Amino acid sequence: MDEMDEEAAPEHDQDPPELEATPEARPLRVSLYGRESERQLSRHFNAVRLAKSQRPDLATAHGKALIIYVNHPTWWNPLVCLYLAGQLFPGRRHYGPVDAGTSGYRAFERMGFFHVDTAGARDARRFLTLSQEILGRPDAALWIPAEGRIADPRERPVRLRSGVGYLASRVRQAVLLPLALECPFWEGQLPEVLVRFGEEIPAGDVGMGASDWTAVLEDRLESALDALAAESLARDPARFDVLLDGGGGEAVVPGVWRRFKARFAGRS
């Protein structure tokens with residue numbers, strides 16, 4: 001969920017207000033819009049690269065619902081997540097919230113994202129209700145942009161909205177998976193999408209309240225972001241698997257540079 005106001009979320013570790021019945025969320029339309037997300041990412045990014053150093057352990061979440069919580073570096077988050085869903089978790093049904101205030105959210109709704117107006121408590125309860133219904137299915141994957149705002153991936157400390165902590169404290173048979181994203185420029189004309197997963201976190205009867213869960217989730221996501229930052233600064237493509245090669249950025253700049261040198265050759 002792009003944002004969850006402090007007023008919208010329950011306070012401290014108290015249970016939220018009684019959850020009310022809401023319409024069932026529909027899965028993301030991965031097969032229908034996967035090609036469109038691929039086309040858009042290919043046009044606007046040089047490549048989508050997945051860090052080799054930490055791949056998700058799918059055996060950990062076998063037979064359990066998956067909560068993938070993501071930092072929020074860019075407006076492109078929903079399309080990146082939609083593409084990763086089809087490429088990395090093809091056997092699951094995928095779900096994701098999008099803030100009603102997000103630019104272009106109507107298009108995201110057509111893709112299957114369910115909208116949440118994070119300005120009020122009613123929609124905070126709606127988010128918790130829908131999420132718990134979704135996570136009752138062992139083949140479900142719920143993608144949550146948990147920072148609640150677009151933020152630089154190097155900003156520290158990492159701060160998450162409380163909704164994901166409340167959700168983690170209420171679910172049982174699920175695995176939480178941090179996902180770090182960056183969109184830096186390397187050598188090409190277009191930016192890269194760099195992706196790195198963190199360590200899996202099993203939910204269950206561990207006796208932790210919502211605030212404790214939020215602190216753990218922040219720490220795990222921050223660790224994944226720190227590791228991705230180091231790999232990004234190294235600027236070494238060999239550290240990543242290429243999930244999508246846009247092919248639009250690396251050949252353009254050398255050609256422009258050659259023409260520039262030819263035009264001004266001999267001038268002092």
# chains A, B, ... in the order shown; residues from 1 in each chain; ligands from 1
$ closest_atom_pairs --of "stretch 109-145 of chain A" --to "stretch 60-80 of chain A" --cutoff "6 Å" --atoms "only C-alpha atoms" --output "CSV"
residue,atom,partner,partner_atom,distance
A:Leu135,CA,A:Ala65,CA,5.4
A:Pro138,CA,A:Lys64,CA,4.4
A:Asp139,CA,A:Ala65,CA,5.7
A:Ala140,CA,A:Ala65,CA,5.0
A:Ala141,CA,A:Leu66,CA,4.5
A:Leu142,CA,A:Ile67,CA,4.9
A:Trp143,CA,A:Ile68,CA,4.8
A:Ile144,CA,A:Tyr69,CA,4.7
A:Pro145,CA,A:Val70,CA,4.7
$ select_by_dssp --residues "stretch 8-215 of chain A" --states "strand (DSSP E)" --output "ChimeraX atom specification"
/A:47-51,65-70,93-95,97-99,114-116,140-145,174-182,192-197,201-202
$ select_by_dssp --residues "stretch 140-197 of chain A" --states "helix (DSSP H, G or I)" --output "ChimeraX atom specification"
/A:162-170
$ closest_atom_pairs --of "stretch 130-244 of chain A" --to "stretch 37-43 of chain A" --cutoff "10 Å" --atoms "only C-alpha atoms" --output "CSV"
residue,atom,partner,partner_atom,distance
A:Leu190,CA,A:Arg43,CA,8.9
A:Glu192,CA,A:Leu41,CA,9.8
A:Val193,CA,A:Leu41,CA,8.9
A:Leu244,CA,A:Ser42,CA,7.3
$ closest_residue --among "A:Ala234, A:Ala215, A:Ala47, A:Leu221" --to "A:Gly165" --atoms "only C-alpha atoms"
A:Ala215
$ closest_residue --among "A:Asp152, A:Asp57, A:Asp241, A:Glu218" --to "A:Phe197" --atoms "only C-alpha atoms"
A:Asp57
